[in-house]
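Worksheet: the structure to be examined is printed underneath.
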Amino acid sequence: MAVLTVDIGGAYIKYALMERSASVLSRGKVETPRGGRTELIDTLALICSEYPETEGIAVALPGIVDSANGYVAMGGALRYNDDFYLRHALYQRCPLPIHIENDAKCAAMAEASLGSLKDVSDGFVLVLGTMIGGAFIKDHRLHRGRHFSAGEVSYIATVRDGLPVAEEVFGNRCGIAGLCRNFARKKGMPEEQVDGVAVFDALDAGDRDAAACLQVYCHELAVQIFNLQTVLDPERIAIGGGISARPELLTAIRGQLERLYAVCPYQIPRAEVVACKFQNDANLIGALQCWLEEHAKK
C-alpha cells in the first residue's frame with residue numbers, strides 16, 4: 001500500500017504517491033488555488049481521485065497547525081486557511097486516514113527520520129524560503145509546543161527596539177526575499193526583477209555587490225543560529241530550502257559564526273551547521289513520516 005503525500009506551497013501544490021519506505025511511485029504538480037479554501041479542497045479532492053489505491057493522505061502546508069485536531073490556526077502564506085478544520089473538510093471528500101502538519105515541521109521530520117539529523121537526539125531545521133521555516137527535534141521527536149508554533153523563527157524581532165513590525169521580523173529580513181531585496185537596492189534595480197537565481201548568477205560572475213549582500217545576509221542568519229544554539233543547545237542545525245544546495249551559503253554562515261564566537265567573552269557550545277539532505281521532496285517525505293507516526297500501527 002502507498003500514501004498520497006501533498007505539499008501545499010504558496011505557488012504550487014506538489015504531490016506524490018509514496019510507499020511507506022518513501023520511494024516515489026508517481027508525482028505531479030498544480031498551481032495552488034487563490035480563490036479560497038473551497039477551491040483548495042476541490043483541488044485536493046481531484047488529486048486524491050487520481051489515486052484510488054492510496055491508504056491515506058499526508059499533507060504539509062504553511063502556518064500554525066494543530067495536527068492532533070487537523071486544524072489550521074493561522075494559514076501563513078495562505079491566509080484563507082486561518083481558523084480552518086482542514087482535515088475534516090478534506091475527509092468529507094476523501095474519507096481516508098489524513099494527517100496535516102506544518103511544512104517546516106515536515107521538513108524536520110524528513111531530516112530526523114532519514115536525513116542529516118538521523119543520528120542525533122536534538123536538532124533544529126531552518127528552511128530558507130519566502131520567509132524562514134523552523135522546527136525543533138527533541139529526543140528524536142518533533143517538538144510542537146503548547147500552541148503548535150515551536151520553531152516558528154520567522155516572527156523573531158530583530159531590531160534594537162524589539163518591535164515585531166513586518167519588515168523587521170527575522171523571516172522577512174532573512175528569507176530569500178530579504179536577500180533579493182538587498183541586492184536589488186544595492187544595484188538600483190526594481191525588486192520584482194531580482195530572484196535568488198539572479199543573485200547567485202551574479203555571485204558566480206564575480207559580482208562584488210552580490211558577495212557583499214551574501215555576507216550581510218549570512219551574518220544575520222548566523223546571529224539567530226547563535227541564539228538558537230544558546231537557548232536550545234541542539235546537537236546539529238540543518239539548513240534547508242533551495243539555496244542550501246549552494247556551498248557558498250554554508251561556507252558564509254560558518255564563517256560568520258566563527259566571527260561571533262571569536263568575540264564572545266563566554267565559553268559556550270558552538271553550533272554545528274550542515275545542509276539538509278532533502279531538498280524539493282523534504283516536505284513530502286516528512287509528511288509521510290508524520291502520517292506513519294500516527295497511522296502506521298492502526
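Following the order of the C-alpha cells, first chain is A, next is B, and so on, with residues numbered from 1 inside each chain and ligands from 1 in the order they appear.
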Counting only C-alpha atoms, what is within 9 Å of range 247-262 of chain A, bar same-chain residues fewer than 6 positions away, as a list in words?
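Listing them by chain and then by number gives Leu214, Gln215, Tyr217, Cys218, His219, Glu220, Leu221, Ala222, Val223, Ile225, Phe226, Ile239, Ile268, Arg270, Ala271, Glu272, Val273, Val274 and Ala275 of chain A.
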I want to know what sits within 8 Å of range 179-189 of chain A, based on only C-alpha atoms, with residues of the same chain fewer than 4 positions away left out; could you give that as a VMD selection string?
chain A and resid 173 to 175 193 to 196 199 209 to 210 213 to 214 217
Between CA of Val125 in chain A and CA of Ala238 in chain A - distance in Å to one decimal
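Result for CA of Ala238 in chain A versus CA of Val125 in chain A: 4.8 Å, one decimal.
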Can you measure CA of Ile285 in chain A to CA of Ser113 in chain A for me? One decimal in Å is fine.
9.2 Å
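Here the question is which of A:Ser244, A:Thr130, A:Ser154, A:Gln279 gets nearest to Gly115 in chain A using only C-alpha atoms, and that residue is A:Gln279.
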